[in-house]
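Dropping query.txt in here (compact mmCIF, C-alpha atoms):
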# COMPACT_ATOMS: atom_id res chain seq x y z
CA MET A 1 98.64 77.19 94.17
CA GLN A 2 99.93 76.75 97.71
CA PRO A 3 102.71 74.49 98.99
CA GLY A 4 101.43 70.98 99.65
CA TYR A 5 98.84 71.13 96.88
CA ILE A 6 98.77 69.34 93.54
CA HIS A 7 95.99 70.52 91.28
CA ILE A 8 95.05 68.40 88.27
CA ALA A 9 92.29 69.58 85.97
CA LEU A 10 90.92 68.13 82.75
CA THR A 11 89.26 70.59 80.44
CA GLU A 12 85.99 69.64 78.80
CA GLY A 13 86.56 67.20 75.94
CA GLN A 14 89.89 65.93 77.23
CA LEU A 15 90.13 62.22 78.01
CA MET A 16 92.52 60.33 80.23
CA LYS A 17 94.65 57.97 78.10
CA ARG A 18 94.95 54.38 79.29
CA THR A 19 98.41 52.87 79.51
CA TYR A 20 98.99 49.11 79.76
CA ILE A 21 101.55 47.99 82.36
CA PRO A 22 102.33 44.27 82.73
CA GLY A 23 101.26 42.84 86.10
CA PHE A 24 104.70 41.86 87.38
CA LEU A 25 106.10 45.31 86.55
CA LEU A 26 103.19 47.02 88.27
CA ALA A 27 103.72 44.91 91.41
CA LEU A 28 107.44 45.67 91.41
CA LEU A 29 106.76 49.39 90.94
CA LEU A 30 104.32 49.48 93.85
CA LEU A 31 106.75 47.55 96.07
CA LEU A 32 109.65 49.88 95.34
CA THR A 33 107.48 52.97 95.77
CA SER A 34 106.14 51.77 99.13
CA ALA A 35 109.64 50.99 100.36
CA ALA A 36 110.92 54.41 99.32
CA ILE A 37 108.06 56.21 100.98
CA GLY A 38 108.42 54.16 104.15
CA TYR A 39 112.12 54.93 104.35
CA ALA A 40 111.57 58.65 103.81
CA ILE A 41 108.91 58.86 106.49
CA SER A 42 110.88 56.87 109.07
CA ALA A 43 114.05 58.89 108.43
CA ASN A 44 112.33 62.25 108.90
CA ALA A 45 109.41 61.58 111.23
CA THR A 46 111.10 63.03 114.29
CA GLN A 47 112.57 66.12 112.66
CA ASN A 48 110.51 67.24 109.67
CA THR A 49 107.49 68.74 111.42
CA SER A 50 106.78 71.02 108.47
CA LEU A 51 105.88 67.99 106.31
CA GLN A 52 103.56 66.69 109.02
CA GLN A 53 101.94 70.09 109.29
CA ALA A 54 101.51 70.31 105.52
CA ALA A 55 99.89 66.86 105.45
CA LYS A 56 97.50 67.86 108.22
CA MET A 57 96.65 71.13 106.45
CA THR A 58 95.95 69.32 103.18
CA SER A 59 93.74 66.67 104.78
CA VAL A 60 91.28 69.09 106.36
CA GLY A 61 90.82 71.32 103.32
CA ALA A 62 91.45 74.96 102.60
CA ILE A 63 89.58 77.91 104.07
CA LYS A 64 88.21 79.73 101.02
CA ILE A 65 88.14 83.53 100.95
CA ALA A 66 86.75 85.46 97.99
CA GLY A 67 89.06 87.84 96.14
CA GLY A 68 87.10 90.19 93.89
CA PHE A 69 89.28 92.40 91.72
CA ALA A 70 89.09 94.26 88.42
CA LEU A 71 92.18 92.62 86.97
CA THR A 72 91.29 94.03 83.58
CA GLY A 73 89.40 97.16 82.57
CA GLY A 74 89.28 100.59 84.14
CA GLY A 75 90.07 99.55 87.70
CA SER A 76 93.06 97.33 86.94
CA ALA A 77 95.72 99.96 87.78
CA LEU A 78 94.68 99.68 91.43
CA ASP A 79 93.10 96.23 91.66
CA GLY A 80 95.92 94.39 89.89
CA PRO A 81 98.54 95.38 92.49
CA ALA A 82 95.98 94.83 95.28
CA ALA A 83 95.40 91.25 94.12
CA ASN A 84 99.16 90.66 93.94
CA GLY A 85 99.56 91.92 97.49
CA ALA A 86 96.75 89.69 98.74
CA LEU A 87 98.21 86.61 97.02
CA LEU A 88 101.62 87.37 98.53
CA ALA A 89 100.02 87.47 101.96
CA VAL A 90 98.36 84.09 101.35
CA LYS A 91 101.68 82.55 100.37
CA GLU A 92 103.33 83.85 103.55
CA ILE A 93 100.42 82.76 105.74
CA ASN A 94 100.42 79.23 104.35
CA SER A 95 104.20 78.93 104.66
CA LYS A 96 103.68 79.48 108.40
CA GLY A 97 100.96 76.88 108.79
CA GLY A 98 97.85 78.69 107.61
CA VAL A 99 95.16 79.41 110.18
CA LEU A 100 93.20 77.07 112.45
CA GLY A 101 95.47 74.28 111.21
CA ARG A 102 94.21 74.75 107.65
CA PRO A 103 95.62 76.40 104.53
CA VAL A 104 94.06 79.55 103.13
CA GLU A 105 92.86 79.76 99.54
CA LEU A 106 92.11 83.12 97.94
CA VAL A 107 89.58 82.48 95.17
CA VAL A 108 90.22 85.27 92.67
CA ARG A 109 87.70 86.34 90.05
CA ASP A 110 88.07 89.20 87.55
CA SER A 111 85.18 91.70 87.46
CA ARG A 112 86.65 93.52 84.43
CA TYR A 113 85.40 96.73 86.08
CA ASP A 114 81.90 95.85 84.86
CA MET A 115 79.31 96.39 87.58
CA ASP A 116 76.88 93.75 86.31
CA LEU A 117 79.71 91.22 86.18
CA THR A 118 80.87 92.37 89.61
CA ALA A 119 77.50 91.43 91.11
CA GLN A 120 77.57 88.15 89.18
CA ILE A 121 80.96 87.04 90.48
CA ALA A 122 79.87 87.97 94.00
CA ARG A 123 77.02 85.48 93.63
CA GLN A 124 79.49 82.90 92.29
CA PHE A 125 81.70 83.36 95.33
CA VAL A 126 78.74 82.70 97.59
CA ASN A 127 76.87 79.98 95.72
CA GLU A 128 79.62 78.10 93.86
CA ASP A 129 82.88 78.70 95.70
CA LYS A 130 81.34 78.48 99.19
CA VAL A 131 83.66 81.11 100.64
CA VAL A 132 83.52 82.04 104.33
CA SER A 133 84.31 85.72 103.73
CA GLY A 134 85.60 88.09 101.07
CA ILE A 135 88.04 90.88 100.31
CA GLY A 136 88.77 93.04 97.31
CA PHE A 137 87.93 95.99 95.08
CA SER A 138 89.55 99.41 95.24
CA ASP A 139 86.59 101.52 94.15
CA THR A 140 83.26 102.40 95.66
CA ASP A 141 81.12 101.50 92.64
CA SER A 142 82.42 97.91 92.64
CA VAL A 143 81.84 97.46 96.35
CA MET A 144 78.33 98.86 95.99
CA ALA A 145 77.70 96.19 93.33
CA ALA A 146 79.23 93.24 95.19
CA GLY A 147 78.69 94.19 98.82
CA PRO A 148 74.92 93.62 99.00
CA VAL A 149 75.45 90.01 97.85
CA PHE A 150 77.84 89.33 100.74
CA GLN A 151 75.56 91.17 103.14
CA LYS A 152 72.52 89.12 102.13
CA ALA A 153 74.52 85.90 102.48
CA GLY A 154 75.75 86.95 105.92
CA LEU A 155 79.43 86.85 104.90
CA PRO A 156 81.93 89.49 106.09
CA PHE A 157 83.64 91.52 103.37
CA ILE A 158 86.58 93.94 103.73
CA THR A 159 87.20 96.31 100.86
CA VAL A 160 90.84 96.83 99.99
CA GLY A 161 90.64 100.42 98.82
CA ALA A 162 87.10 101.70 98.31
CA THR A 163 87.30 104.88 100.35
CA SER A 164 83.70 106.01 100.71
CA PRO A 165 82.99 106.14 104.45
CA LYS A 166 79.30 105.77 103.62
CA ILE A 167 79.68 102.18 102.37
CA PRO A 168 78.99 100.35 105.67
CA ASP A 169 75.84 102.37 106.31
CA GLN A 170 74.68 101.90 102.72
CA ILE A 171 75.26 98.14 102.62
CA GLY A 172 75.21 96.78 106.15
CA ASP A 173 77.07 95.43 109.14
CA MET A 174 79.09 92.79 107.27
CA VAL A 175 81.13 95.30 105.25
CA TYR A 176 84.33 96.99 106.42
CA LEU A 177 87.03 99.25 105.01
CA ALA A 178 90.74 98.50 105.41
CA CYS A 179 91.57 102.02 104.21
CA PHE A 180 90.79 105.52 105.44
CA GLY A 181 87.63 107.27 104.25
CA ASP A 182 87.42 109.93 101.55
CA ASN A 183 86.49 112.49 104.20
CA VAL A 184 89.87 111.87 105.83
CA GLN A 185 92.00 112.05 102.68
CA ALA A 186 90.09 115.11 101.41
CA ALA A 187 90.68 116.88 104.72
CA ALA A 188 94.38 116.01 104.54
CA GLY A 189 94.59 117.31 100.98
CA ALA A 190 92.84 120.54 101.95
CA GLU A 191 95.13 121.14 104.94
CA PHE A 192 98.27 120.40 102.92
CA ALA A 193 97.24 122.63 100.01
CA ALA A 194 96.20 125.54 102.22
CA LYS A 195 99.48 125.40 104.12
CA HIS A 196 101.77 125.09 101.11
CA PHE A 197 99.93 126.81 98.23
CA GLY A 198 97.30 129.26 99.46
CA TRP A 199 93.64 129.83 100.14
CA ARG A 200 92.17 130.12 96.64
CA ALA A 201 91.31 126.84 94.92
CA TYR A 202 89.85 125.64 91.65
CA LEU A 203 87.79 122.43 91.89
CA LEU A 204 87.28 120.03 88.97
CA VAL A 205 85.40 116.76 89.46
CA ASP A 206 84.62 113.67 87.41
CA LYS A 207 80.86 113.38 87.92
CA SER A 208 80.69 109.78 86.72
CA ALA A 209 81.86 107.95 89.84
CA ASP A 210 80.78 107.93 93.47
CA TYR A 211 84.42 108.13 94.56
CA THR A 212 85.25 111.37 92.77
CA VAL A 213 81.95 113.05 93.63
CA LEU A 214 82.35 112.28 97.33
CA LEU A 215 86.03 113.26 97.34
CA ALA A 216 85.24 116.64 95.78
CA ASP A 217 82.37 117.30 98.21
CA TYR A 218 84.55 116.45 101.21
CA PHE A 219 87.37 118.63 99.89
CA MET A 220 85.00 121.55 99.41
CA SER A 221 83.67 121.18 102.95
CA SER A 222 87.13 120.84 104.50
CA PHE A 223 88.71 123.70 102.58
CA LYS A 224 85.89 126.10 103.38
CA GLU A 225 85.98 125.07 107.05
CA LEU A 226 89.66 126.05 107.06
CA GLY A 227 88.77 129.47 105.64
CA GLY A 228 89.61 128.73 102.01
CA ASP A 229 87.69 129.87 98.94
CA VAL A 230 86.81 127.72 95.92
CA VAL A 231 86.86 130.40 93.20
CA LEU A 232 85.47 128.15 90.46
CA GLU A 233 83.94 124.67 90.39
CA ASP A 234 83.59 122.64 87.20
CA SER A 235 83.02 119.03 86.13
CA TYR A 236 83.41 116.47 83.37
CA THR A 237 82.44 112.84 82.74
CA ASP A 238 84.92 109.99 82.62
CA ASN A 239 84.53 109.49 78.86
CA THR A 240 85.47 113.12 78.19
CA THR A 241 88.65 113.39 76.14
CA ASP A 242 88.61 117.14 75.49
CA LEU A 243 88.67 119.55 78.44
CA SER A 244 89.15 122.68 76.34
CA LYS A 245 85.87 124.22 77.57
CA GLN A 246 86.73 123.72 81.24
CA ILE A 247 90.23 125.07 80.67
CA ALA A 248 88.92 128.10 78.75
CA ASP A 249 86.51 128.95 81.59
CA LEU A 250 89.36 128.63 84.08
CA LYS A 251 91.57 130.96 82.09
CA LYS A 252 88.83 133.60 82.05
CA LEU A 253 89.36 134.21 85.77
CA SER A 254 90.91 137.59 86.39
CA ARG A 255 93.23 135.98 88.89
CA GLN A 256 94.33 132.37 88.75
CA PRO A 257 93.78 130.18 91.82
CA ASP A 258 96.65 129.13 94.07
CA PHE A 259 96.15 125.46 93.13
CA TYR A 260 93.84 123.10 91.28
CA TYR A 261 92.07 120.29 93.15
CA ILE A 262 91.04 117.68 90.60
CA ALA A 263 89.02 114.64 91.70
CA ALA A 264 89.79 112.11 88.97
CA MET A 265 89.70 108.35 88.41
CA PRO A 266 92.93 106.38 87.87
CA TYR A 267 92.20 105.86 84.18
CA ASN A 268 91.64 109.56 83.36
CA ALA A 269 93.78 111.47 85.88
CA GLY A 270 96.76 111.46 83.51
CA THR A 271 94.68 112.81 80.61
CA VAL A 272 93.36 115.69 82.70
CA ILE A 273 96.78 116.63 84.06
CA GLU A 274 98.37 116.51 80.62
CA GLN A 275 95.72 118.79 79.11
CA PHE A 276 96.16 121.31 81.92
CA ARG A 277 99.92 121.38 81.38
CA ASP A 278 99.58 121.62 77.59
CA ALA A 279 97.34 124.65 78.11
CA GLY A 280 100.06 126.38 80.15
CA LEU A 281 98.43 125.79 83.55
CA VAL A 282 101.52 124.89 85.53
CA GLY A 283 100.30 125.56 89.08
CA PRO A 284 100.07 122.84 91.73
CA ILE A 285 97.55 120.08 91.01
CA VAL A 286 96.22 118.21 94.06
CA GLY A 287 94.14 115.03 94.02
CA GLY A 288 93.21 111.83 95.82
CA ASP A 289 94.49 108.26 95.85
CA GLY A 290 93.15 107.66 92.35
CA TYR A 291 96.36 109.33 91.18
CA ASP A 292 98.44 106.56 92.78
CA THR A 293 99.31 104.77 89.53
CA PRO A 294 102.51 104.61 87.46
CA GLU A 295 100.54 106.04 84.53
CA ILE A 296 100.95 109.50 86.09
CA LEU A 297 104.71 109.22 85.64
CA LYS A 298 104.39 108.39 81.95
CA LEU A 299 103.15 111.85 81.00
CA GLY A 300 105.32 113.64 78.48
CA GLY A 301 108.10 115.99 79.59
CA ASN A 302 107.71 117.22 83.15
CA ALA A 303 103.90 117.31 83.03
CA SER A 304 103.60 115.28 86.22
CA ASP A 305 105.84 117.57 88.25
CA ASN A 306 104.11 119.82 90.78
CA VAL A 307 101.38 117.19 91.24
CA PHE A 308 100.44 116.13 94.77
CA PHE A 309 98.02 113.46 95.94
CA SER A 310 96.82 111.76 99.09
CA THR A 311 97.35 108.02 99.42
CA HIS A 312 97.86 105.20 101.92
CA ALA A 313 101.66 104.80 101.94
CA LEU A 314 104.65 105.71 99.80
CA MET A 315 106.11 102.62 98.14
CA ASP A 316 109.72 103.76 98.24
CA PRO A 317 112.41 101.29 99.38
CA ASN A 318 114.64 104.16 100.47
CA SER A 319 112.17 105.70 102.90
CA GLY A 320 109.42 104.63 105.24
CA ASP A 321 109.48 102.31 108.22
CA GLU A 322 110.81 98.77 108.34
CA GLY A 323 107.37 97.31 107.60
CA VAL A 324 107.19 99.18 104.30
CA LYS A 325 110.74 98.18 103.36
CA GLU A 326 110.13 94.52 104.20
CA PHE A 327 106.94 94.47 102.16
CA ILE A 328 108.65 96.07 99.16
CA ALA A 329 111.47 93.52 99.35
CA ALA A 330 109.03 90.60 99.57
CA TYR A 331 106.92 91.93 96.69
CA ASP A 332 110.01 92.44 94.54
CA LYS A 333 111.17 88.89 95.29
CA GLU A 334 107.76 87.46 94.37
CA TYR A 335 106.98 89.54 91.27
CA GLY A 336 110.35 90.84 90.08
CA HIS A 337 109.61 94.52 90.66
CA ASN A 338 108.65 96.95 93.40
CA PRO A 339 104.96 97.47 94.25
CA GLU A 340 103.24 99.62 91.65
CA ASN A 341 101.43 101.67 94.28
CA ALA A 342 100.02 101.65 97.80
CA PHE A 343 97.12 99.43 96.74
CA ALA A 344 99.51 96.48 96.63
CA ALA A 345 100.14 97.06 100.34
CA LEU A 346 96.42 97.51 100.99
CA GLY A 347 95.71 94.13 99.40
CA TYR A 348 98.43 92.59 101.56
CA ASP A 349 97.09 94.23 104.73
CA THR A 350 93.48 93.31 104.01
CA MET A 351 94.25 89.65 103.42
CA ARG A 352 96.31 89.44 106.60
CA LEU A 353 93.59 91.24 108.56
CA MET A 354 90.90 88.81 107.40
CA VAL A 355 93.00 85.76 108.28
CA ASP A 356 93.93 87.32 111.62
CA ALA A 357 90.22 87.75 112.36
CA ILE A 358 89.52 84.11 111.45
CA GLY A 359 92.28 83.05 113.84
CA ARG A 360 90.91 85.22 116.65
CA ALA A 361 87.39 83.94 115.97
CA GLY A 362 88.67 80.38 116.31
CA SER A 363 86.12 79.42 113.70
CA THR A 364 85.08 79.80 110.07
CA ASP A 365 81.59 80.77 111.14
CA PRO A 366 80.94 84.04 109.25
CA LYS A 367 79.27 85.75 112.20
CA ALA A 368 82.17 84.86 114.48
CA ILE A 369 84.59 86.25 111.89
CA GLN A 370 82.55 89.45 111.67
CA ARG A 371 82.68 89.90 115.44
CA ALA A 372 86.45 89.38 115.40
CA ILE A 373 86.85 92.00 112.68
CA GLN A 374 84.81 94.46 114.71
CA ASP A 375 86.99 93.79 117.77
CA THR A 376 90.22 94.53 115.83
CA LYS A 377 92.53 96.90 117.72
CA ASP A 378 95.97 98.05 116.60
CA PHE A 379 96.39 95.48 113.85
CA ARG A 380 99.76 96.38 112.38
CA GLY A 381 99.65 96.88 108.63
CA VAL A 382 102.04 98.21 106.03
CA THR A 383 99.61 101.09 105.42
CA GLY A 384 99.18 101.83 109.11
CA ASN A 385 97.55 100.32 112.17
CA ILE A 386 93.90 99.29 111.92
CA SER A 387 91.32 99.57 114.70
CA TYR A 388 87.54 99.63 114.47
CA LEU A 389 86.59 101.80 117.41
CA ASN A 390 83.18 102.56 118.88
CA GLY A 391 81.37 100.32 116.43
CA SER A 392 82.87 102.02 113.36
CA HIS A 393 83.57 99.97 110.24
CA VAL A 394 86.12 102.51 108.94
CA PRO A 395 89.59 102.62 110.53
CA GLN A 396 91.11 105.93 111.56
CA LYS A 397 94.44 106.10 109.75
CA GLY A 398 96.93 108.78 108.81
CA VAL A 399 97.33 110.03 105.24
CA THR A 400 100.45 110.13 103.08
CA ILE A 401 100.83 113.05 100.68
CA VAL A 402 102.94 112.14 97.65
CA ALA A 403 104.76 114.85 95.70
CA VAL A 404 105.72 114.07 92.11
CA LYS A 405 109.18 115.43 91.37
CA GLY A 406 111.56 114.63 88.57
CA GLY A 407 109.46 111.72 87.38
CA ARG A 408 109.39 110.09 90.83
CA PHE A 409 106.94 109.73 93.68
CA THR A 410 108.45 111.42 96.73
CA LEU A 411 107.19 112.04 100.25
CA GLY A 412 105.35 115.33 100.56
CA ALA A 413 103.98 114.91 104.08
CA GLU A 414 102.40 112.55 106.60
CA ILE A 415 99.17 114.04 107.91
CA VAL A 416 96.54 113.21 110.49
CA PRO A 417 93.95 115.85 109.57
CA GLN A 418 92.51 117.94 112.36
CA ASN A 419 89.09 118.77 110.93
CA VAL A 420 87.45 115.82 109.21
CA PRO A 421 83.96 116.26 107.74
CA ALA A 422 81.31 113.89 109.02
CA SER A 423 80.68 110.93 106.74

Could you render the structure as structure tokens?
Amino acid sequence: MQPGYIHIALTEGQLMKRTYIPGFLLALLLLLTSAAIGYAISANATQNTSLQQAAKMTSVGAIKIAGGFALTGGGSALDGPAANGALLAVKEINSKGGVLGRPVELVVRDSRYDMDLTAQIARQFVNEDKVVSGIGFSDTDSVMAAGPVFQKAGLPFITVGATSPKIPDQIGDMVYLACFGDNVQAAAGAEFAAKHFGWRAYLLVDKSADYTVLLADYFMSSFKELGGDVVLEDSYTDNTTDLSKQIADLKKLSRQPDFYYIAAMPYNAGTVIEQFRDAGLVGPIVGGDGYDTPEILKLGGNASDNVFFSTHALMDPNSGDEGVKEFIAAYDKEYGHNPENAFAALGYDTMRLMVDAIGRAGSTDPKAIQRAIQDTKDFRGVTGNISYLNGSHVPQKGVTIVAVKGGRFTLGAEIVPQNVPAS
């Protein structure tokens, strides 16, 4: 709920109780109330412009933006922080007057990481909530379920963290990414691993999700382009709990690879890493932004050490630029702890970007908002500047490599990859 709003709701079956007030008392109460209000307004009319602005904002109604997130279920480790970041941005925006003289309302619905429900809530956003645009979701499968609904309705949608660069072509011109594409982060991972670990890689991929399949394919292409060799490729499905077969086949190699590239989802990355370590495979493990969850740090012993992954920013209050530090401080003040991962910052950036586009459009007309998004150049975000150049719907951004050491996420490198596979 935003400043200046009072929300009163009666659940079904509840009744308003009637209270009898004698007439003379009611008249006296109204007289005293009117006098008090009149005094307050006259005393502050010339100096309290924030109250006037709040009254104006409330009278014209909020601009509704959809916020689709898997707050529960398999995607919650990324979408939960992303939703928190977006809501923090809304609070800051409204404290400064909103946009177009109106407050912003982020209408949040939980998809539970269920693709049928994801499509259903997208329809609710459009048909019931009457939103003018939408943001959300940190995975490709969810965006592929919700995106066509926004596209058909002609409403712009910016995904917080779904990294498939194919999404705009697959869905249409109303869909944008606020994050880099998987081809970019895979290229960064390949360059980092080749430089620091060697030219022989093992590739393991979760075949159940578009994200992991694409990430693995892009890594393979990038690493081979650099001159690397994938000595063994294997796969599993996301409901697999026993990787003993894959590990046994890996151990049969006459010479172990220099590192293991494992394309995993947030909810199973920890399980895979732990099984590798338990089997005595202690070499470097490299992965994508699906690893960017505190669950990785909860692995027993030092199992998470010597793990490296590409992501959008390092959420460390002791490093990074002033924008990162300010965001971490604001998030901590709002929620009582530091951001869980970079997806909190992506949610914050995406919400601010959408509102910035509405302001530049000067209108809540969806097509005008879409044109303003497309015209975005050098929008400053916590996770990097955002520009949509040459008609692209995917921003070109640098990649942060996180190194897990001593139970902490530390900075491994900042990379702008040189050879990025075509999307």

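When all atoms listed in the file are used to compute distances to Ala303 in chain A, the closest of the residues A:Lys245, A:Lys405, A:Lys397, A:Lys251 turns out to be A:Lys405.
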
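Counting all atoms listed in the file, the residue from A:Ile415, A:Val272, A:Ile373, A:Leu226 that sits nearest to Tyr388 in chain A is A:Ile373.
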
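Of note, CA of Ile369 in chain A and CA of Val355 in chain A are spaced 9.2 Å apart.
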
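Closest to Arg109 in chain A among A:Phe69, A:Tyr261, A:Tyr291, A:Phe192 is A:Phe69, based on all atoms listed in the file.
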
Would you compute an axis-aligned box for range 397-413 of chain A, covering every atom listed for it in the file with 4 Å of margin on each side, and report centre and edge lengths in Å to one decimal as lines of an AutoDock Vina configuration file?
center_x = 103.0
center_y = 110.8
center_z = 98.6
size_x = 25.1
size_y = 17.3
size_z = 30.4

Would you mind listing, for every residue of range 98-152 of chain A within 12 Å of range 208-211 of chain A, the two atoms forming the shortest contact and the distance between them in Å to one decimal, using all atoms listed in the file, sorted by chain and ascending residue number, as CSV?
residue,atom,partner,partner_atom,distance
A:Ser138,CA,A:Tyr211,CA,10.1
A:Asp139,CA,A:Tyr211,CA,7.0
A:Thr140,CA,A:Tyr211,CA,5.9
A:Asp141,CA,A:Asp210,CA,6.5
A:Ser142,CA,A:Asp210,CA,10.2
A:Val143,CA,A:Asp210,CA,10.9
A:Met144,CA,A:Asp210,CA,9.7

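Residues in contact with Ala368 in chain A at up to 12 Å, not including ones fewer than 3 positions away on its chain and judged by all atoms listed in the file, are Val132, Ser133, Gly154, Leu155, Pro156, Met174, Met354, Ala357, Ile358, Gly359, Arg360, Ala361, Gly362, Ser363, Thr364, Asp365, Arg371, Ala372, Ile373, Gln374 and Asp375 of chain A.
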
Non-local contacts of Leu88 in chain A (10 Å; only C-alpha atoms; under 2 positions in same chain excluded) as a PyMOL selection string: chain A and resi 82-86+90-93+327+330-331+334-335+344-345+347-348+351-352

Identify, on the basis of all atoms listed in the file, every residue whose closest approach to Ala190 in chain A does not exceed 10 Å; exclude the query and any residue fewer than 2 positions from it along the same chain; express the result as a PyMOL selection string. chain A and resi 184-188+192-195+199+201+218-226+228+261+286-287+417+419
